[in-house]
Amino acid sequence: MERYDHKAIEQKWQKIWEESGAFRAEDESKKAKEYLLIEFPYPSGDGLHVGHIRSWTALDVVARKRRAQGKNVLYPIGWDAFGLPTENYALKTGKDPRLVTKENTDNFRRQIKSLGISFDWSREVNTTDPAYYKWTQWIFLQLYKKGLAYKAKTLINWCPTDKIGLANEEVINGVCERCGTPVEKREKEQWMLAITKYAQRLYDDLDTVDYIPAAKLGQRNWIGPSEGAQIKFQIANSKSQIEVFTTRPDTLFGATYLVLAPEHTLAQELAEKAENKNEIIRYIEQSRKKTEIERTTEGKEKTGVEIKGMKAINPASKEEIPIWVADYVLAGYGTGAIMAVPAHDERDLAFAKKFNLQVKEIELEDPKKITEKVGGKWVTTYKLRDWVFSRQRYWGEPIPMIICPTDGWVPVPESDLPVLLPKVEKYQPSEAGESPLANIAEFVNTTCPTCGGPAKRETDVMPNWAGSSWYYLRYCDPKNDTEFAAQDKLKYWLTPPASPKTSSRGGVDWYNGGMEHTTLHLLYSRFWHKVLFDLGLVPTSEPYLKRTSHGLILAEDGSKMSKSKGNVINPDALVEQVGADSLRLFEMFLGPFDQPVAWNSDSIAGVRRFLERVWILAEKVGEAPLSKETETLLAQTIDKVSRDIDALKMNTAVSSLMIFLNHLQKLESVSKEIFKQFLGLFAPFAPHIAHELAERVGFTREKWEHWPTVDESKLVSATVQVAVQVNGKVRSTIELSPEAGEGEALAAARADAVVTKWLAGADVKKAVYVKGKIVNFVITSLDV
RNA sequence: GCCGCGGUGGCGGAAUUGGUAGACGCACAGGACUCAAAAUCCUGCGAUGGCAACAUCAUGAGAGUUCGAUUCUCUCCCGCGGCACCA
């Protein structure tokens, strides 16, 4: 047999798989379906990251195993291609983002194909494709029609030099990433999505899905419901009232001052009548200029200013208390105003101490009774805020709205979708900081769909989160140009076959992605899905049944891989040198899948050697007797590998394949049956070499491409080793039948020569036997 | 500061409900093969003492529960990730 030539073998099988459409999911199938999903990548100019390979290979192993188990598997791939890096590259070079995206996706596609990952390429989607974003826009219109999209003023990061709105990511230590100018806050009318209307359902329905605990907890903390009271404080000698939110109405008697957030509208209004008007206005302006990062780097030192000449009345004690403005109170949470109880709150205490405010010790009231007594409301508030959906940028989906002087905001008629993103000369925003689209008269000027008069298009585009909030739906029916996906196809791919017709439980069977996406992306996507569910457009109330996460791959020194640090591993070179199968196996063997690992090329040699030993083993395949030992080890290996794959414990799955190979290698010859079963287990990890060997040994596809089953009767070996402890320390081991009872075990243990020595002249106070595991004698030693 | 996840040989890591700590792999050392080298194969490989049998110690540190703790509880230290004045 010639030596193992990974290049020839991998190219050969990749061609066969491509030409035969081996991994195409069938929309109509008698087989049970299985929908496996990875987070579709952003096609960056850096090319494929070794971290992509880790996560996609793991689900590829699952996909190949499920197919071998007779499932109709959907394992799709696409591109989340709108976004900042491509746009910034266009800003710098003037190159059309469409072109850059094409180049990058071509490169990614080539790289992924060279790894033999069993994606269904016939369903490839791209968020920047008008045939795709037509439906992203269409979903936005449904949100608008349901009253879930609205315009509101918000503060954005603004670079006065570049005249551009910045993402948080582009603000480094309070200055613009590009030019170093201090970033300001600027008020801007933006499209908002009312995700908070779904807060409680997004919270409660986590009980119906199977996410890793950290992901559920992340979502719950982000939504952050808290129960409490809204209580109105009358301002003395005025008609105005300040409404506060508190989780501790029981401490109402101890409220010795009120605090307004600087952004609170009342702060401005009350300042007008205050004795220290200018001081207050200055404070409000200062805190507005501060970026969030500045606020946080200031540490815990509290700042604030009293509204002088004005008092509020504590509705419980009827005492007059001072009113302050301070930026430790956030406008976006609760009512933007708090009652401060220094005796019961650390932050209030710190503030009170700094400004010499009264600290009043009190007896606690019943929270609900006191709330009712002072005319307050019992409410649930959430940390979750509505989703800012506008970007004053170019490389995103145009928001399909038109503003008409007579009719106001009017949605673009569905028949006119998609609103195409026009080509532009310059990717710079307009002088006023609007999207570059605002510079294109042909785009902006249009007619009102309602009155037919002249009107203007919205020039904001959507954030990247838009296209990724529903892509898993498009995979079910990616070519459909009359609906985002046909109902029967959604039903087939999202509904568990066994579930009752009335059940809305279902979704993608298994979604794996990065820990960094378990809050925002998952939450946004769940929100859109629930809206579509309410409209009767998807069959399930949740998008994903199961969610797992992978750990990052770091550079050898434990830092993040990045182009600027020059520590990025290029998978192309490894595929060339050792082959895709070695690289796949190596990444699976690297360490626990859900934990971060540092890259260490040293041990690639080990998995490459493993593949070569499998290659050589094929020469020994023939007629061979089957020993009890081999039978048991086979059963144990099937059992272990099967369970490990389903739990994503890929490193130990590979290790048990190695143990089995080590055993087979010692045999004179290996029976065809054993080798076939070994290949079955091995194929999902190293598919190319497995198929090649199967062909060479003469297995037809029907004969070997199915998942081996465990013969339970073979799983247990005839004897087990049982450790014998004396006072908790292992002194000897004995061979026992796994069924041996306590009497038999203790007798055998006492008969052991070493144990006899340890027990000589001692009182056995207690003897413990755990079946098949351990014997422990507790003795009082006479030596002491 | 809060939340989450981790800390085990020279290195990556393994250890079903508490039950023989170090599987598997890397590196290293010795041997076989070879004129030689590479590759491959065999053997060894936590630390300390001992020729050895063996003994003692050892899973970040310290305590606790238990016949028995890497695993459970408490306190503390360190690393990584996320959030951050959330009332």
# chains A, B, ... in the order shown; residues from 1 in each chain; ligands from 1

$ residues_around --residues "stretch 28-38 of chain B" --least-positions-apart "6" --cutoff "10 Å" --atoms "only C-alpha atoms (C1' of nucleotides)" --output "compact mmCIF listing (two decimals) with C-alpha atoms (C1' of nucleotides), in the first residue's frame"
# COMPACT_ATOMS: atom_id res chain seq x y z
C1' G B 10 7.82 19.85 31.78
C1' G B 44 10.26 4.44 30.95
C1' C B 45 8.37 9.15 32.52

$ residues_around --residues "B:C77" --least-positions-apart "2" --cutoff "12 Å" --atoms "only C-alpha atoms (C1' of nucleotides)" --output "PDB file with N, CA and C atoms (P, O5', C5', C4', C3', O3' and C1' of nucleotides), in the first residue's frame"
ATOM      1  P     G B   7     -10.144  23.671  36.673  1.00  0.00           P
ATOM      2  O5'   G B   7      -8.821  24.494  37.002  1.00  0.00           O
ATOM      3  C5'   G B   7      -7.840  24.702  35.988  1.00  0.00           C
ATOM      4  C4'   G B   7      -6.689  25.488  36.563  1.00  0.00           C
ATOM      5  C3'   G B   7      -5.903  24.734  37.634  1.00  0.00           C
ATOM      6  O3'   G B   7      -4.507  24.968  37.466  1.00  0.00           O
ATOM      7  C1'   G B   7      -6.726  26.779  38.509  1.00  0.00           C
ATOM      8  P     G B  60      -5.920  22.506  42.432  1.00  0.00           P
ATOM      9  O5'   G B  60      -4.908  23.501  43.149  1.00  0.00           O
ATOM     10  C5'   G B  60      -3.711  23.910  42.501  1.00  0.00           C
ATOM     11  C4'   G B  60      -3.201  25.161  43.130  1.00  0.00           C
ATOM     12  C3'   G B  60      -3.359  25.227  44.645  1.00  0.00           C
ATOM     13  O3'   G B  60      -2.320  24.556  45.318  1.00  0.00           O
ATOM     14  C1'   G B  60      -4.150  27.225  43.673  1.00  0.00           C
ATOM     15  P     A B  61      -2.621  23.932  46.769  1.00  0.00           P
ATOM     16  O5'   A B  61      -2.788  25.233  47.664  1.00  0.00           O
ATOM     17  C5'   A B  61      -1.650  25.977  48.095  1.00  0.00           C
ATOM     18  C4'   A B  61      -2.053  26.911  49.204  1.00  0.00           C
ATOM     19  C3'   A B  61      -2.746  26.243  50.394  1.00  0.00           C
ATOM     20  O3'   A B  61      -1.825  25.688  51.305  1.00  0.00           O
ATOM     21  C1'   A B  61      -3.984  28.137  49.725  1.00  0.00           C
ATOM     22  P     G B  62      -2.258  24.379  52.156  1.00  0.00           P
ATOM     23  O5'   G B  62      -3.344  24.958  53.162  1.00  0.00           O
ATOM     24  C5'   G B  62      -2.951  25.895  54.166  1.00  0.00           C
ATOM     25  C4'   G B  62      -4.157  26.447  54.868  1.00  0.00           C
ATOM     26  C3'   G B  62      -5.080  25.423  55.511  1.00  0.00           C
ATOM     27  O3'   G B  62      -4.574  24.924  56.725  1.00  0.00           O
ATOM     28  C1'   G B  62      -6.368  27.055  54.389  1.00  0.00           C
ATOM     29  P     U B  75     -17.979  32.068  52.178  1.00  0.00           P
ATOM     30  O5'   U B  75     -16.488  32.322  52.666  1.00  0.00           O
ATOM     31  C5'   U B  75     -16.229  32.912  53.939  1.00  0.00           C
ATOM     32  C4'   U B  75     -14.753  32.930  54.214  1.00  0.00           C
ATOM     33  C3'   U B  75     -13.893  33.548  53.111  1.00  0.00           C
ATOM     34  O3'   U B  75     -13.889  34.962  53.143  1.00  0.00           O
ATOM     35  C1'   U B  75     -12.914  31.514  53.815  1.00  0.00           C
ATOM     36  P     G B  79      -4.379  37.968  38.461  1.00  0.00           P
ATOM     37  O5'   G B  79      -4.844  36.930  37.345  1.00  0.00           O
ATOM     38  C5'   G B  79      -3.896  36.317  36.494  1.00  0.00           C
ATOM     39  C4'   G B  79      -4.574  35.321  35.596  1.00  0.00           C
ATOM     40  C3'   G B  79      -5.680  35.878  34.717  1.00  0.00           C
ATOM     41  O3'   G B  79      -5.179  36.518  33.566  1.00  0.00           O
ATOM     42  C1'   G B  79      -6.398  33.860  35.717  1.00  0.00           C
TER      43        G B  79
END

$ interface_residues --of "chain B" --to "chain A" --cutoff "9 Å" --atoms "only C-alpha atoms (C1' of nucleotides)" --output "list in words"
C3, G4, C5, G6, G12, G13, A14, G19, U20, A23, C24, G25, C26, A27, C67, G68, C80, G81, G82, C83, A84, C85, C86 and A87 of chain B

$ residues_around --residues "A:Tyr144" --least-positions-apart "6" --cutoff "9 Å" --atoms "only C-alpha atoms (C1' of nucleotides)" --output "compact mmCIF listing (two decimals) with all heavy atoms, in the first residue's frame"
# COMPACT_ATOMS: atom_id res chain seq x y z
N TYR A 150 -40.72 52.60 16.19
CA TYR A 150 -41.09 54.00 16.37
C TYR A 150 -39.85 54.86 16.36
O TYR A 150 -38.72 54.36 16.53
CB TYR A 150 -41.85 54.18 17.69
CG TYR A 150 -41.05 53.85 18.92
CD1 TYR A 150 -40.41 54.86 19.64
CD2 TYR A 150 -40.92 52.53 19.36
CE1 TYR A 150 -39.66 54.55 20.78
CE2 TYR A 150 -40.17 52.22 20.49
CZ TYR A 150 -39.54 53.23 21.20
OH TYR A 150 -38.80 52.94 22.30
N LEU A 193 -36.92 49.71 18.18
CA LEU A 193 -37.81 48.55 18.21
C LEU A 193 -38.19 48.27 19.66
O LEU A 193 -37.33 48.21 20.54
CB LEU A 193 -37.14 47.32 17.59
CG LEU A 193 -36.78 47.44 16.10
CD1 LEU A 193 -36.24 46.11 15.59
CD2 LEU A 193 -37.98 47.87 15.26
N PRO A 411 -44.88 53.58 5.42
CA PRO A 411 -44.03 52.44 5.03
C PRO A 411 -44.00 52.27 3.51
O PRO A 411 -44.99 52.55 2.83
CB PRO A 411 -44.71 51.25 5.71
CG PRO A 411 -46.10 51.68 5.99
CD PRO A 411 -46.10 53.17 6.12

$ closest_residue --among "A:Ala647, A:Leu633, A:Ile569, A:Leu617" --to "A:Gly51" --atoms "only C-alpha atoms"
A:Ile569

$ atom_distance --atom1 "atom CA of A:Gln69" --atom2 "atom CA of A:Asp646"
12.6 Å

$ select_by_dssp --residues "stretch 257-365 of chain A" --states "alpha helix (DSSP H)" --output "NGL selection string"
:A and (265-273 or 277-289 or 292-297 or 346-354)

$ write_last_selection --atoms "N, CA, C and O atoms" --output "CSV table (one decimal), in the first residue's frame"
chain,number,residue,atom,x,y,z
A,265,THR,N,-36.3,65.0,32.1
A,265,THR,CA,-36.9,66.3,31.6
A,265,THR,C,-37.2,67.3,32.8
A,265,THR,O,-37.0,68.5,32.6
A,266,LEU,N,-37.5,66.7,34.0
A,266,LEU,CA,-37.8,67.6,35.1
A,266,LEU,C,-36.6,68.3,35.6
A,266,LEU,O,-36.7,69.4,36.2
A,267,ALA,N,-35.4,67.7,35.4
A,267,ALA,CA,-34.2,68.3,35.9
A,267,ALA,C,-34.0,69.7,35.2
A,267,ALA,O,-33.7,70.7,35.9
A,268,GLN,N,-34.3,69.7,33.9
A,268,GLN,CA,-34.2,71.0,33.2
A,268,GLN,C,-35.2,72.0,33.7
A,268,GLN,O,-35.0,73.1,34.0
A,269,GLU,N,-36.5,71.5,33.7
A,269,GLU,CA,-37.6,72.3,34.1
A,269,GLU,C,-37.5,73.0,35.5
A,269,GLU,O,-37.7,74.2,35.7
A,270,LEU,N,-37.1,72.1,36.5
A,270,LEU,CA,-37.0,72.6,37.8
A,270,LEU,C,-35.8,73.6,38.0
A,270,LEU,O,-35.8,74.5,38.7
A,271,ALA,N,-34.7,73.4,37.1
A,271,ALA,CA,-33.6,74.2,37.2
A,271,ALA,C,-34.0,75.7,36.9
A,271,ALA,O,-33.4,76.6,37.5
A,272,GLU,N,-34.9,75.8,36.0
A,272,GLU,CA,-35.4,77.1,35.6
A,272,GLU,C,-35.8,78.0,36.8
A,272,GLU,O,-35.6,79.2,36.8
A,273,LYS,N,-36.4,77.3,37.8
A,273,LYS,CA,-37.0,78.1,38.9
A,273,LYS,C,-36.0,78.0,40.1
A,273,LYS,O,-36.3,78.6,41.2
A,277,LYS,N,-29.7,78.1,39.3
A,277,LYS,CA,-30.0,77.6,37.9
A,277,LYS,C,-28.8,77.3,37.1
A,277,LYS,O,-28.6,76.2,36.5
A,278,ASN,N,-27.8,78.3,37.1
A,278,ASN,CA,-26.7,78.1,36.2
A,278,ASN,C,-25.8,76.9,36.6
A,278,ASN,O,-25.3,76.2,35.8
A,279,GLU,N,-25.7,76.7,37.9
A,279,GLU,CA,-24.9,75.6,38.4
A,279,GLU,C,-25.5,74.3,38.0
A,279,GLU,O,-24.8,73.4,37.5
A,280,ILE,N,-26.8,74.2,38.0
A,280,ILE,CA,-27.5,72.9,37.6
A,280,ILE,C,-27.4,72.7,36.1
A,280,ILE,O,-27.0,71.6,35.7
A,281,ILE,N,-27.6,73.8,35.3
A,281,ILE,CA,-27.5,73.6,33.9
A,281,ILE,C,-26.1,73.2,33.5
A,281,ILE,O,-25.9,72.3,32.7
A,282,ARG,N,-25.1,73.8,34.2
A,282,ARG,CA,-23.7,73.4,33.9
A,282,ARG,C,-23.5,71.9,34.2
A,282,ARG,O,-22.9,71.2,33.4
A,283,TYR,N,-24.0,71.4,35.3
A,283,TYR,CA,-23.8,70.0,35.7
A,283,TYR,C,-24.5,69.1,34.7
A,283,TYR,O,-23.9,68.1,34.3
A,284,ILE,N,-25.7,69.5,34.2
A,284,ILE,CA,-26.4,68.7,33.2
A,284,ILE,C,-25.6,68.6,31.9
A,284,ILE,O,-25.4,67.5,31.4
A,285,GLU,N,-25.1,69.8,31.5
A,285,GLU,CA,-24.3,69.8,30.3
A,285,GLU,C,-23.0,68.9,30.4
A,285,GLU,O,-22.6,68.2,29.5
A,286,GLN,N,-22.4,69.1,31.6
A,286,GLN,CA,-21.1,68.3,31.8
A,286,GLN,C,-21.4,66.8,31.7
A,286,GLN,O,-20.7,66.1,31.0
A,287,SER,N,-22.4,66.3,32.4
A,287,SER,CA,-22.7,64.9,32.4
A,287,SER,C,-23.1,64.4,31.0
A,287,SER,O,-22.8,63.3,30.7
A,288,ARG,N,-23.7,65.3,30.2
A,288,ARG,CA,-24.1,64.9,28.9
A,288,ARG,C,-22.9,64.7,28.0
A,288,ARG,O,-22.8,63.8,27.2
A,289,LYS,N,-21.9,65.5,28.2
A,289,LYS,CA,-20.7,65.4,27.4
A,289,LYS,C,-19.9,64.2,27.7
A,289,LYS,O,-19.2,63.7,26.9
A,292,GLU,N,-19.8,57.2,28.4
A,292,GLU,CA,-20.0,56.3,29.5
A,292,GLU,C,-18.7,55.8,30.1
A,292,GLU,O,-18.6,55.5,31.2
A,293,ILE,N,-17.7,55.7,29.2
A,293,ILE,CA,-16.4,55.3,29.6
A,293,ILE,C,-15.8,56.3,30.6
A,293,ILE,O,-15.3,55.9,31.6
A,294,GLU,N,-16.0,57.5,30.3
A,294,GLU,CA,-15.5,58.6,31.3
A,294,GLU,C,-16.2,58.4,32.6
A,294,GLU,O,-15.5,58.5,33.6
A,295,ARG,N,-17.5,58.3,32.5
A,295,ARG,CA,-18.2,58.1,33.8
A,295,ARG,C,-17.7,57.0,34.6
A,295,ARG,O,-17.6,57.0,35.8
A,296,THR,N,-17.4,55.9,33.9
A,296,THR,CA,-16.9,54.7,34.7
A,296,THR,C,-15.5,54.8,35.2
A,296,THR,O,-15.2,54.4,36.3
A,297,THR,N,-14.6,55.5,34.4
A,297,THR,CA,-13.2,55.6,34.8
A,297,THR,C,-13.1,56.6,36.0
A,297,THR,O,-12.0,56.6,36.6
A,346,GLU,N,-26.1,51.4,49.9
A,346,GLU,CA,-24.7,51.8,50.0
A,346,GLU,C,-24.4,53.0,49.1
A,346,GLU,O,-23.7,53.9,49.5
A,347,ARG,N,-25.0,53.0,47.9
A,347,ARG,CA,-24.7,54.2,47.0
A,347,ARG,C,-25.3,55.5,47.6
A,347,ARG,O,-24.6,56.5,47.6
A,348,ASP,N,-26.5,55.4,48.1
A,348,ASP,CA,-27.2,56.5,48.7
A,348,ASP,C,-26.4,57.0,49.9
A,348,ASP,O,-26.2,58.2,50.1
A,349,LEU,N,-25.8,56.0,50.7
A,349,LEU,CA,-25.1,56.4,51.8
A,349,LEU,C,-23.8,57.1,51.5
A,349,LEU,O,-23.5,58.2,52.1
A,350,ALA,N,-23.1,56.6,50.4
A,350,ALA,CA,-21.9,57.3,50.0
A,350,ALA,C,-22.1,58.7,49.6
A,350,ALA,O,-21.4,59.6,49.9
A,351,PHE,N,-23.3,58.9,48.8
A,351,PHE,CA,-23.6,60.2,48.4
A,351,PHE,C,-24.0,61.1,49.5
A,351,PHE,O,-23.6,62.3,49.6
A,352,ALA,N,-24.8,60.6,50.5
A,352,ALA,CA,-25.2,61.4,51.6
A,352,ALA,C,-24.1,61.8,52.5
A,352,ALA,O,-24.0,62.9,52.9
A,353,LYS,N,-23.1,60.9,52.6
A,353,LYS,CA,-21.9,61.3,53.4
A,353,LYS,C,-21.1,62.4,52.7
A,353,LYS,O,-20.7,63.3,53.4
A,354,LYS,N,-21.0,62.3,51.4
A,354,LYS,CA,-20.2,63.3,50.7
A,354,LYS,C,-20.8,64.6,50.8
A,354,LYS,O,-20.2,65.7,50.9

$ closest_residue --among "A:Ala694, A:Leu421, A:Val379, A:Leu48" --to "A:Asp106" --atoms "only C-alpha atoms"
A:Leu48

$ residues_around --residues "A:Lys151" --least-positions-apart "2" --cutoff "6 Å" --atoms "only C-alpha atoms (C1' of nucleotides)" --output "ChimeraX atom specification"
/A:190-192

$ write_last_selection --atoms "N, CA, C and O atoms" --output "mmCIF file, in the first residue's frame"
data_model
loop_
_atom_site.group_PDB
_atom_site.id
_atom_site.type_symbol
_atom_site.label_atom_id
_atom_site.label_comp_id
_atom_site.auth_asym_id
_atom_site.auth_seq_id
_atom_site.Cartn_x
_atom_site.Cartn_y
_atom_site.Cartn_z
ATOM 1 N N GLN A 190 -33.964 58.424 16.025
ATOM 2 C CA GLN A 190 -33.605 57.101 15.519
ATOM 3 C C GLN A 190 -34.820 56.179 15.529
ATOM 4 O O GLN A 190 -35.719 56.340 16.360
ATOM 5 N N TRP A 191 -34.781 55.181 14.643
ATOM 6 C CA TRP A 191 -35.786 54.129 14.705
ATOM 7 C C TRP A 191 -35.479 53.221 15.882
ATOM 8 O O TRP A 191 -34.335 52.839 16.109
ATOM 9 N N MET A 192 -36.524 52.914 16.642
ATOM 10 C CA MET A 192 -36.390 52.050 17.809
ATOM 11 C C MET A 192 -37.320 50.853 17.644
ATOM 12 O O MET A 192 -38.391 50.982 17.060
#

$ select_by_dssp --residues "stretch 297-494 of chain A" --states "strand (DSSP E or B)" --output "PyMOL selection string"
chain A and resi 305-313+320-325+337-340+377-382+387-388+391+398+401-404+408-411+445-447+454-457+461

$ atom_distance --atom1 "atom CA of A:Ile362" --atom2 "atom CA of A:Gln234"
21.5 Å

$ atom_distance --atom1 "atom CA of A:Trp465" --atom2 "atom CA of A:Glu587"
29.0 Å

$ residues_around --residues "A:Gly70" --least-positions-apart "6" --cutoff "10 Å" --atoms "only C-alpha atoms (C1' of nucleotides)" --output "CSV table (one decimal) with N, CA, C and O atoms, in the first residue's frame"
chain,number,residue,atom,x,y,z
A,31,LYS,N,-37.4,10.4,6.3
A,31,LYS,CA,-36.5,10.4,7.4
A,31,LYS,C,-36.8,11.5,8.4
A,31,LYS,O,-37.4,12.5,8.0
A,32,ALA,N,-36.5,11.2,9.7
A,32,ALA,CA,-36.6,12.3,10.7
A,32,ALA,C,-35.7,13.4,10.4
A,32,ALA,O,-34.5,13.1,10.1
A,33,LYS,N,-36.1,14.6,10.6
A,33,LYS,CA,-35.2,15.8,10.3
A,33,LYS,C,-34.3,16.1,11.5
A,33,LYS,O,-34.7,15.8,12.7
A,64,ARG,N,-22.6,14.6,10.7
A,64,ARG,CA,-22.2,13.3,10.1
A,64,ARG,C,-22.7,12.1,10.9
A,64,ARG,O,-23.1,11.1,10.3
A,705,GLU,N,-21.6,3.0,6.1
A,705,GLU,CA,-21.9,4.4,6.5
A,705,GLU,C,-23.2,4.4,7.4
A,705,GLU,O,-24.2,5.0,7.0
A,706,HIS,N,-23.1,3.7,8.5
A,706,HIS,CA,-24.2,3.9,9.5
A,706,HIS,C,-23.5,3.7,10.9
A,706,HIS,O,-22.5,3.1,11.1
A,707,TRP,N,-24.2,4.3,11.8
A,707,TRP,CA,-23.6,4.5,13.1
A,707,TRP,C,-23.7,3.1,13.9
A,707,TRP,O,-24.8,2.6,14.0
